[in-house]
Amino acid sequence: MFYRTRNPYFRMVDRLLQDARPLLGDRSEFANLPLGLALDVEEAADGYTLRANLPGVKLDDINVSIHEDVLTINGETASEQHSEDSKLLIRERRAGKFSRSLRFPGIIEGDAVSASFEDGVLTISLPKAEAHTPRQIPVNVTGSAS
């Protein structure tokens with residue numbers, strides 16, 4: 001067994017997982033499960049900015065869509081093949097389909113949404129609809145001001 005750390009708790013978990021393997025079956029059963037997509041979302045007065053790290057993903061394999069106030073990002077990463085005469089000791093980089101949908105609290109100006117992809121980081125700008133953009137309301141004095 002190849003250990004990634006010397007921490008005894010990690011070794012204990014590795015042993016538990018190894019013992020459970022006959023009950024769980026081959027790990028390939030879990031290979032086609034959708035992957036989660038970690039992301040950061042910032043809110044400003046005029047809109048939202050979303051950033052997702054997608055290292056190794058090709059631009060053609062990313063799909064971004066918006067319907068009303070729900071943004072959906074999905075795509076796929078290909079798995080790398082290793083030679084038959086070698087043995088894979090650790091596989092932490094997952095491959096497969098990924099998808100993430102987010103509902104925003106306010107209405108998004110769908111026609112103004114823009115996305116860019118640079119150095120493996122997907123950045124999406126989602127402006128708020130004009131009706132939901134905060135604005136300052138002036139207060140007028142009526143009558144006599146004392």
# chains A, B, ... in the order shown; residues from 1 in each chain; ligands from 1
>>> select_by_dssp(residues="range 21-138 of chain A", states="strand (DSSP E)", output="PyMOL selection string")
chain A and resi 39-43+47-53+62-67+70-77+96-103+114-118+121-127
>>> closest_residue(among="A:Thr77, A:Arg51, A:Pro127, A:Thr72", to="Ile107 in chain A", atoms="only C-alpha atoms")
A:Pro127
>>> closest_atom_pairs(of="range 64-84 of chain A", to="range 110-115 of chain A", cutoff="9 Å", atoms="only C-alpha atoms", output="Markdown table")
| residue | atom | partner | partner_atom | distance |
| --- | --- | --- | --- | --- |
| A:Val64 | CA | A:Ala115 | CA | 8.2 |
| A:Ile66 | CA | A:Gly110 | CA | 6.8 |
| A:His67 | CA | A:Gly110 | CA | 7.7 |
| A:Glu68 | CA | A:Gly110 | CA | 7.2 |
| A:Asp69 | CA | A:Gly110 | CA | 8.2 |
>>> residues_around(residues="Lys58 in chain A", least_positions_apart="2", cutoff="9 Å", atoms="only C-alpha atoms", output="PDB file with C-alpha atoms, in the first residue's frame")
ATOM      1  CA  LEU A  54     -10.856  24.230 -14.632  1.00  0.00           C
ATOM      2  CA  PRO A  55      -7.236  23.143 -15.110  1.00  0.00           C
ATOM      3  CA  GLY A  56      -6.659  20.909 -18.093  1.00  0.00           C
ATOM      4  CA  ASP A  60     -14.536  23.352 -26.427  1.00  0.00           C
ATOM      5  CA  ASP A  61     -15.459  21.068 -23.504  1.00  0.00           C
ATOM      6  CA  ILE A  62     -17.065  23.868 -21.420  1.00  0.00           C
ATOM      7  CA  GLU A  76     -16.088  17.057 -19.417  1.00  0.00           C
ATOM      8  CA  THR A  77     -12.467  16.196 -18.778  1.00  0.00           C
ATOM      9  CA  GLY A 120      -7.543  27.401 -16.628  1.00  0.00           C
TER      10      GLY A 120
END
>>> closest_residue(among="A:Ala131, A:Ile90, A:Ile124, A:Val70", to="Pro105 in chain A", atoms="only C-alpha atoms")
A:Val70
>>> atom_distance(atom1="CA of Glu43 in chain A", atom2="CA of Lys128 in chain A")
9.7 Å
>>> atom_distance(atom1="CA of Ser65 in chain A", atom2="CA of Ala45 in chain A")
22.6 Å
>>> atom_distance(atom1="CA of Ala38 in chain A", atom2="CA of Asn53 in chain A")
7.3 Å
>>> residues_around(residues="Leu71 in chain A", least_positions_apart="6", cutoff="9 Å", atoms="only C-alpha atoms", output="ChimeraX atom specification")
/A:64-65,100-104
>>> closest_residue(among="A:Val57, A:Tyr48, A:Asn140, A:Leu89", to="Ile108 in chain A", atoms="only C-alpha atoms")
A:Tyr48
